[in-house]
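Colleague: What follows is entry-v5.txt, compact mmCIF, C-alpha atoms.
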```
# COMPACT_ATOMS: atom_id res chain seq x y z
CA PHE A 1 34.43 -33.53 6.71
CA LYS A 2 34.39 -31.05 3.83
CA ASN A 3 32.57 -32.20 0.73
CA PRO A 4 35.01 -31.68 -2.20
CA PHE A 5 32.13 -31.63 -4.69
CA LYS A 6 30.09 -28.92 -2.96
CA LYS A 7 30.23 -25.49 -4.59
CA ASN A 8 32.17 -22.91 -2.59
CA VAL A 9 32.95 -19.22 -3.00
CA ARG A 10 36.00 -17.10 -2.25
CA PHE A 11 36.52 -13.36 -2.02
CA LEU A 12 39.62 -12.14 -3.83
CA LEU A 13 41.36 -8.85 -3.12
CA ASP A 14 44.19 -8.14 -5.55
CA GLY A 15 44.30 -11.84 -6.33
CA GLN A 16 44.55 -12.87 -2.67
CA SER A 17 41.88 -14.75 -0.72
CA PRO A 18 41.89 -13.32 2.84
CA PHE A 19 39.07 -15.51 4.14
CA GLY A 20 39.45 -18.88 2.45
CA SER A 21 36.42 -20.62 0.94
CA PHE A 22 32.81 -20.71 2.12
CA PRO A 23 29.63 -22.54 1.07
CA GLN A 24 28.00 -20.98 -1.97
CA GLU A 25 24.91 -20.17 0.10
CA GLN A 26 27.00 -17.66 2.09
CA ALA A 27 28.18 -15.73 -0.98
CA LEU A 28 26.42 -12.47 -0.10
CA ALA A 29 27.77 -12.51 3.46
CA VAL A 30 31.29 -13.18 2.18
CA LEU A 31 31.00 -10.31 -0.30
CA GLU A 32 29.92 -7.95 2.48
CA TRP A 33 32.84 -9.02 4.69
CA GLY A 34 35.21 -8.57 1.76
CA ILE A 35 33.98 -5.06 1.01
CA ASN A 36 34.43 -4.16 4.68
CA LEU A 37 37.99 -5.47 4.60
CA ALA A 38 38.81 -3.62 1.39
CA ILE A 39 37.57 -0.33 2.86
CA ALA A 40 39.35 -0.88 6.18
CA VAL A 41 42.76 -1.61 4.65
CA ARG A 42 42.68 0.57 1.54
CA VAL A 43 40.95 3.82 2.49
CA ASN A 44 43.78 5.78 4.09
CA HIS A 45 43.13 9.30 2.78
CA LEU A 46 40.03 9.57 5.01
CA LEU A 47 39.55 9.23 8.75
CA LEU A 48 37.86 5.84 9.00
CA LEU A 49 35.60 5.41 12.03
CA HIS A 50 33.87 2.22 13.11
CA SER A 51 30.53 3.96 13.30
CA ALA A 52 27.03 4.01 11.92
CA VAL A 53 26.16 7.38 10.39
CA VAL A 54 22.77 8.87 9.53
CA GLU A 55 21.75 12.39 8.52
CA LYS A 56 18.79 14.64 9.25
CA ASN A 57 18.22 18.25 8.20
CA GLY A 58 21.75 18.55 6.86
CA HIS A 59 23.47 17.31 10.04
CA ALA A 60 25.15 13.92 10.44
CA ILE A 61 24.78 11.84 13.60
CA LEU A 62 27.54 9.37 14.44
CA PHE A 63 26.97 6.15 16.38
CA PRO A 64 30.49 4.80 17.02
CA ALA A 65 30.56 1.33 18.56
CA TRP A 66 32.22 -2.04 18.34
CA PRO A 67 30.33 -5.20 17.29
CA GLY A 68 27.52 -6.27 19.60
CA SER A 69 26.44 -2.74 20.52
CA GLY A 70 23.41 -2.74 18.24
CA LYS A 71 24.55 0.04 15.92
CA THR A 72 23.47 -1.72 12.71
CA THR A 73 20.05 -2.55 14.14
CA LEU A 74 19.59 1.04 15.31
CA CYS A 75 20.84 2.39 11.99
CA THR A 76 18.35 0.18 10.14
CA VAL A 77 15.49 1.62 12.16
CA LEU A 78 16.57 5.25 11.81
CA SER A 79 17.24 5.03 8.07
CA ASN A 80 13.70 3.73 7.59
CA ARG A 81 12.14 6.35 9.84
CA GLY A 82 13.11 9.65 8.27
CA PHE A 83 16.91 9.69 8.61
CA ARG A 84 19.23 9.39 5.60
CA LEU A 85 21.58 6.42 5.63
CA PHE A 86 25.29 7.10 5.26
CA SER A 87 26.53 3.75 6.56
CA ASP A 88 25.87 1.21 9.30
CA GLU A 89 29.57 0.35 9.54
CA PHE A 90 31.92 3.14 8.45
CA GLY A 91 32.14 6.83 9.21
CA LEU A 92 34.20 8.18 6.31
CA MET A 93 35.43 11.67 7.15
CA ASP A 94 37.43 13.93 4.88
CA PRO A 95 39.99 15.24 7.42
CA ARG A 96 40.48 18.49 5.52
CA GLN A 97 36.90 19.53 4.87
CA ARG A 98 35.54 17.80 8.00
CA LEU A 99 32.77 16.29 5.88
CA PHE A 100 31.33 12.80 6.20
CA LEU A 101 30.87 10.92 2.94
CA PRO A 102 27.89 8.60 2.39
CA ILE A 103 28.42 4.98 1.45
CA PRO A 104 24.91 3.49 1.63
CA ARG A 105 24.78 -0.26 1.07
CA LEU A 106 23.21 -3.44 2.41
CA MET A 107 22.91 -3.51 6.20
CA PRO A 108 23.70 -6.93 7.74
CA LEU A 109 21.49 -7.93 10.65
CA LYS A 110 22.57 -10.83 12.81
CA ASN A 111 20.78 -13.48 14.83
CA GLU A 112 18.05 -12.11 17.15
CA SER A 113 18.05 -8.68 15.51
CA ILE A 114 16.63 -10.19 12.31
CA ALA A 115 13.31 -11.09 13.92
CA VAL A 116 13.29 -7.83 15.89
CA ILE A 117 13.53 -5.75 12.72
CA ARG A 118 11.04 -7.91 10.80
CA ARG A 119 8.50 -7.16 13.53
CA TYR A 120 9.32 -3.47 13.92
CA LEU A 121 9.74 -2.69 10.21
CA PRO A 122 7.55 -5.19 8.33
CA GLU A 123 7.69 -3.02 5.20
CA ILE A 124 11.47 -3.16 4.65
CA VAL A 125 13.15 -5.17 1.91
CA MET A 126 15.21 -7.89 3.60
CA GLY A 127 16.98 -10.80 1.97
CA GLN A 128 16.81 -14.41 3.03
CA SER A 129 18.47 -15.42 6.27
CA ILE A 130 21.88 -17.02 5.78
CA PRO A 131 22.49 -19.54 8.58
CA ASN A 132 25.69 -21.00 10.00
CA THR A 133 28.06 -18.20 9.00
CA GLN A 134 31.05 -17.25 11.14
CA LYS A 135 28.83 -14.56 12.66
CA GLY A 136 25.76 -16.73 13.10
CA THR A 137 22.63 -16.17 11.03
CA VAL A 138 22.82 -13.08 8.82
CA ALA A 139 20.19 -11.26 6.74
CA HIS A 140 20.78 -8.14 4.68
CA VAL A 141 18.48 -5.11 4.55
CA CYS A 142 18.28 -3.03 1.38
CA PRO A 143 19.17 0.65 1.91
CA PRO A 144 16.32 3.11 1.29
CA GLU A 145 16.18 4.37 -2.29
CA GLN A 146 16.37 8.01 -1.22
CA SER A 147 19.65 7.37 0.60
CA ILE A 148 21.12 5.91 -2.59
CA LEU A 149 19.89 8.81 -4.73
CA LEU A 150 21.51 11.31 -2.33
CA SER A 151 24.73 9.34 -1.88
CA LYS A 152 26.86 12.17 -3.28
CA GLN A 153 25.67 14.68 -0.67
CA ALA A 154 28.15 14.87 2.22
CA ALA A 155 27.40 16.42 5.62
CA LYS A 156 29.17 17.67 8.73
CA ALA A 157 28.57 15.90 12.02
CA ARG A 158 26.55 17.59 14.75
CA TRP A 159 26.12 14.80 17.31
CA ILE A 160 28.22 11.83 18.41
CA ILE A 161 26.29 9.17 20.31
CA PHE A 162 27.93 6.01 21.65
CA PRO A 163 25.13 3.41 21.67
CA LYS A 164 24.70 0.23 23.69
CA TRP A 165 21.72 -2.07 23.35
CA ILE A 166 20.82 -3.90 26.57
CA ALA A 167 17.73 -6.10 26.53
CA GLY A 168 15.03 -4.89 28.89
CA SER A 169 16.95 -1.79 29.91
CA GLN A 170 15.41 1.60 30.53
CA SER A 171 16.45 3.82 27.65
CA LYS A 172 18.61 6.75 28.70
CA ILE A 173 20.98 9.23 27.12
CA GLU A 174 23.56 11.27 28.99
CA ALA A 175 26.10 13.88 27.96
CA ILE A 176 29.78 13.01 28.31
CA SER A 177 32.90 15.15 28.51
CA ASP A 178 35.03 16.00 25.50
CA SER A 179 37.95 14.04 26.97
CA GLU A 180 35.90 10.87 27.38
CA ALA A 181 34.38 11.28 23.93
CA PHE A 182 37.85 11.76 22.42
CA MET A 183 39.17 8.51 23.89
CA LEU A 184 36.08 6.57 22.86
CA LEU A 185 36.09 7.92 19.33
CA ALA A 186 39.83 7.44 18.80
CA SER A 187 39.51 3.82 19.95
CA ASN A 188 36.79 3.33 17.33
CA ALA A 189 38.94 4.60 14.46
CA PHE A 190 40.59 2.11 12.11
CA ASN A 191 43.39 4.38 10.94
CA TYR A 192 43.70 7.04 13.65
CA GLU A 193 47.34 6.20 14.39
CA ALA A 194 48.25 5.77 10.72
CA LEU A 195 47.06 9.31 9.95
CA GLY A 196 49.27 10.74 12.70
CA ALA A 197 48.76 14.44 13.41
CA THR A 198 46.07 14.63 10.72
CA GLY A 199 44.03 12.00 12.54
CA PHE A 200 44.52 13.64 15.94
CA LEU A 201 43.45 17.06 14.70
CA ALA A 202 40.47 15.63 12.83
CA VAL A 203 39.19 13.76 15.90
CA ALA A 204 39.82 16.74 18.19
CA ASP A 205 37.98 19.12 15.87
CA LEU A 206 35.13 16.65 15.48
CA ILE A 207 34.70 16.35 19.24
CA HIS A 208 34.74 20.12 19.75
CA SER A 209 32.16 20.71 17.03
CA CYS A 210 29.69 18.04 18.22
CA ASP A 211 27.54 17.34 21.26
CA CYS A 212 28.60 13.96 22.64
CA TYR A 213 26.48 11.40 24.47
CA LYS A 214 26.26 7.83 25.68
CA LEU A 215 23.05 5.97 24.89
CA VAL A 216 21.67 2.83 26.51
CA TYR A 217 18.49 1.55 24.92
CA SER A 218 16.14 -1.34 24.38
CA ASP A 219 13.20 0.49 22.80
CA PHE A 220 13.41 2.08 19.35
CA ASP A 221 10.53 4.48 19.96
CA ASP A 222 12.36 5.85 23.01
CA VAL A 223 15.45 6.48 20.89
CA MET A 224 13.43 8.26 18.22
CA ASP A 225 11.91 10.54 20.87
CA MET A 226 15.32 11.28 22.39
CA LEU A 227 16.90 12.12 19.04
CA HIS A 228 14.09 14.43 17.99
CA LYS A 229 14.33 16.19 21.36
CA LEU A 230 18.09 16.69 20.90
CA MET A 231 17.62 18.10 17.42
CA ASN A 232 14.82 20.42 18.49
CA GLU A 233 16.92 21.79 21.36
CA THR A 234 19.78 22.73 19.06
```
Could you take the file, read its structure, and then write that structure out as structure tokens?
Modeller:
Amino acid sequence: FKNPFKKNVRFLLDGQSPFGSFPQEQALAVLEWGINLAIAVRVNHLLLLHSAVVEKNGHAILFPAWPGSGKTTLCTVLSNRGFRLFSDEFGLMDPRQRLFLPIPRLMPLKNESIAVIRRYLPEIVMGQSIPNTQKGTVAHVCPPEQSILLSKQAAKARWIIFPKWIAGSQSKIEAISDSEAFMLLASNAFNYEALGATGFLAVADLIHSCDCYKLVYSDFDDVMDMLHKLMNET
């Protein structure tokens, strides 16, 4: 039974409501979903990857992955431990200049990851938990101020790492072939097919200019050590 007198919210995109109505308490989550949708369906002049992106020493690191892989949780940790946040959700690449464009904004943690991050990063600014959403309980982490101040500084990618969080697993990172990386990256692009030859050439050039890896992890400190080792070896 839906209470007709309870306050609800809707997200409108060009006057249309793609999601319907939600309880007022879920307004921030609905806004975040709406922004994601607007970017996914309207940004067609850029190669749009489903990927977290951070930057260190002028080089961007991509973490392409579908939901449930832990990319937002990992991105939250890295962006609060010396890496600059570009995005936890979208890799926006100018296909002509091969530059990734920052879009730092709130990072949505879900369910168990909320408590994990509260313990690991007690100093971060995190909003209240929003229960009973379509994606479970959600809480949003504020992006670091420095990432916002540098949001106009683009960067070229140097590493592509496909992450997978598995509870209790031994953290490991392994190099993968260009062909495997190409297929994985293309399947994590929202508009790869729509861009046609431009998208193909952009992905191919990106793969050839980056070192590509698969990452399985359960420990953030292990990941930090692995990333610093990769960067020092380059």
Colleague: Just to confirm, what's the straight-line distance from CA of His228 (chain A) to CA of Cys142 (chain A) in Å (one decimal)?
Modeller: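 One can read the CA of His228 (chain A) to CA of Cys142 (chain A) distance as 24.5 Å.
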Colleague: Work out how far CA of Ala181 (chain A) is from CA of Leu99 (chain A), in Å to one decimal.
Modeller: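 Pair CA of Leu99 (chain A) / CA of Ala181 (chain A) returns 18.8 Å.
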Colleague: Please, what distance in Å, to one decimal, runs between CA of Thr137 (chain A) and CA of Asn111 (chain A)?
Modeller: 5.0 Å
Colleague: Residues of region 68-168 of chain A that have any atom at most 12 Å from an atom of region 185-191 of chain A: could you tabulate them with the shortest-distance atom pair and the distance in Å to one decimal, using all atoms listed in the file, ordered by chain and increasing number, as a Markdown table?
Modeller:
```
| residue | atom | partner | partner_atom | distance |
| --- | --- | --- | --- | --- |
| A:Glu89 | CA | A:Asn188 | CA | 11.0 |
| A:Phe90 | CA | A:Ala189 | CA | 9.4 |
| A:Gly91 | CA | A:Ala189 | CA | 8.9 |
| A:Leu92 | CA | A:Ala189 | CA | 10.1 |
| A:Met93 | CA | A:Ala189 | CA | 10.8 |
| A:Pro95 | CA | A:Asn191 | CA | 11.9 |
| A:Ile160 | CA | A:Leu185 | CA | 8.8 |
| A:Ile161 | CA | A:Leu185 | CA | 9.9 |
| A:Phe162 | CA | A:Leu185 | CA | 8.7 |
```
Colleague: Taking only C-alpha atoms into account, name the residue in A:Ile61, A:Met126, A:Ala139, A:Ile114 that is nearest to Ala27 (chain A).
Modeller: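 The answer is A:Ala139, which sits nearest to Ala27 (chain A).
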Colleague: Is it possible to get the axis-aligned box enclosing region 63-82 of chain A (all listed atoms, 6 Å extra per side) as lines of an AutoDock Vina configuration file, with centre and edge lengths in Å rounded to one decimal?
Modeller:
```
center_x = 22.2
center_y = 1.7
center_z = 14.1
size_x = 32.1
size_y = 27.9
size_z = 24.9
```
Colleague: Which one of A:Ser209, A:Gln146, A:Ser51, A:Ser171 sits closest to Ser79 (chain A) if you count all atoms listed in the file?
Modeller: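 So, comparing all the options, the nearest one is A:Gln146.
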Colleague: Skipping near chain neighbours, those fewer than 4 positions away, what residues fall within 12 Å of Pro143 (chain A) using only C-alpha atoms, listed as a ChimeraX atom specification?
Modeller: /A:54,72,75-80,83-88,102-108,124-127,147-151
Colleague: Grab the residues selected above and save them as a PDB file, keeping the file's coordinate frame with C-alpha atoms.
Modeller:
```pdb
ATOM      1  CA  VAL A  54      22.770   8.870   9.530  1.00  0.00           C
ATOM      2  CA  THR A  72      23.470  -1.720  12.710  1.00  0.00           C
ATOM      3  CA  CYS A  75      20.840   2.390  11.990  1.00  0.00           C
ATOM      4  CA  THR A  76      18.350   0.180  10.140  1.00  0.00           C
ATOM      5  CA  VAL A  77      15.490   1.620  12.160  1.00  0.00           C
ATOM      6  CA  LEU A  78      16.570   5.250  11.810  1.00  0.00           C
ATOM      7  CA  SER A  79      17.240   5.030   8.070  1.00  0.00           C
ATOM      8  CA  ASN A  80      13.700   3.730   7.590  1.00  0.00           C
ATOM      9  CA  PHE A  83      16.910   9.690   8.610  1.00  0.00           C
ATOM     10  CA  ARG A  84      19.230   9.390   5.600  1.00  0.00           C
ATOM     11  CA  LEU A  85      21.580   6.420   5.630  1.00  0.00           C
ATOM     12  CA  PHE A  86      25.290   7.100   5.260  1.00  0.00           C
ATOM     13  CA  SER A  87      26.530   3.750   6.560  1.00  0.00           C
ATOM     14  CA  ASP A  88      25.870   1.210   9.300  1.00  0.00           C
ATOM     15  CA  PRO A 102      27.890   8.600   2.390  1.00  0.00           C
ATOM     16  CA  ILE A 103      28.420   4.980   1.450  1.00  0.00           C
ATOM     17  CA  PRO A 104      24.910   3.490   1.630  1.00  0.00           C
ATOM     18  CA  ARG A 105      24.780  -0.260   1.070  1.00  0.00           C
ATOM     19  CA  LEU A 106      23.210  -3.440   2.410  1.00  0.00           C
ATOM     20  CA  MET A 107      22.910  -3.510   6.200  1.00  0.00           C
ATOM     21  CA  PRO A 108      23.700  -6.930   7.740  1.00  0.00           C
ATOM     22  CA  ILE A 124      11.470  -3.160   4.650  1.00  0.00           C
ATOM     23  CA  VAL A 125      13.150  -5.170   1.910  1.00  0.00           C
ATOM     24  CA  MET A 126      15.210  -7.890   3.600  1.00  0.00           C
ATOM     25  CA  GLY A 127      16.980 -10.800   1.970  1.00  0.00           C
ATOM     26  CA  SER A 147      19.650   7.370   0.600  1.00  0.00           C
ATOM     27  CA  ILE A 148      21.120   5.910  -2.590  1.00  0.00           C
ATOM     28  CA  LEU A 149      19.890   8.810  -4.730  1.00  0.00           C
ATOM     29  CA  LEU A 150      21.510  11.310  -2.330  1.00  0.00           C
ATOM     30  CA  SER A 151      24.730   9.340  -1.880  1.00  0.00           C
TER      31      SER A 151
END
```
Colleague: Restrict the calculation to all atoms listed in the file, then for each residue of region 56-150 of chain A with any atom at most 12 Å from an atom of region 8-22 of chain A give the closest atom pair and their distance in Å to one decimal, rows by chain and rising residue number, as JSON lines.
Modeller:
```
{"residue": "A:Asn132", "atom": "CA", "partner": "A:Phe22", "partner_atom": "CA", "distance": 10.6}
{"residue": "A:Thr133", "atom": "CA", "partner": "A:Phe22", "partner_atom": "CA", "distance": 8.7}
{"residue": "A:Gln134", "atom": "CA", "partner": "A:Phe22", "partner_atom": "CA", "distance": 9.8}
```
Colleague: Using all atoms listed in the file, which of the listed residues (A:Met231, A:Ala155, A:Tyr192, A:Ala202) sits closest to Val43 (chain A)?
Modeller: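 Of A:Met231, A:Ala155, A:Tyr192, A:Ala202, the one nearest Val43 (chain A) is A:Tyr192, counting all atoms listed in the file.
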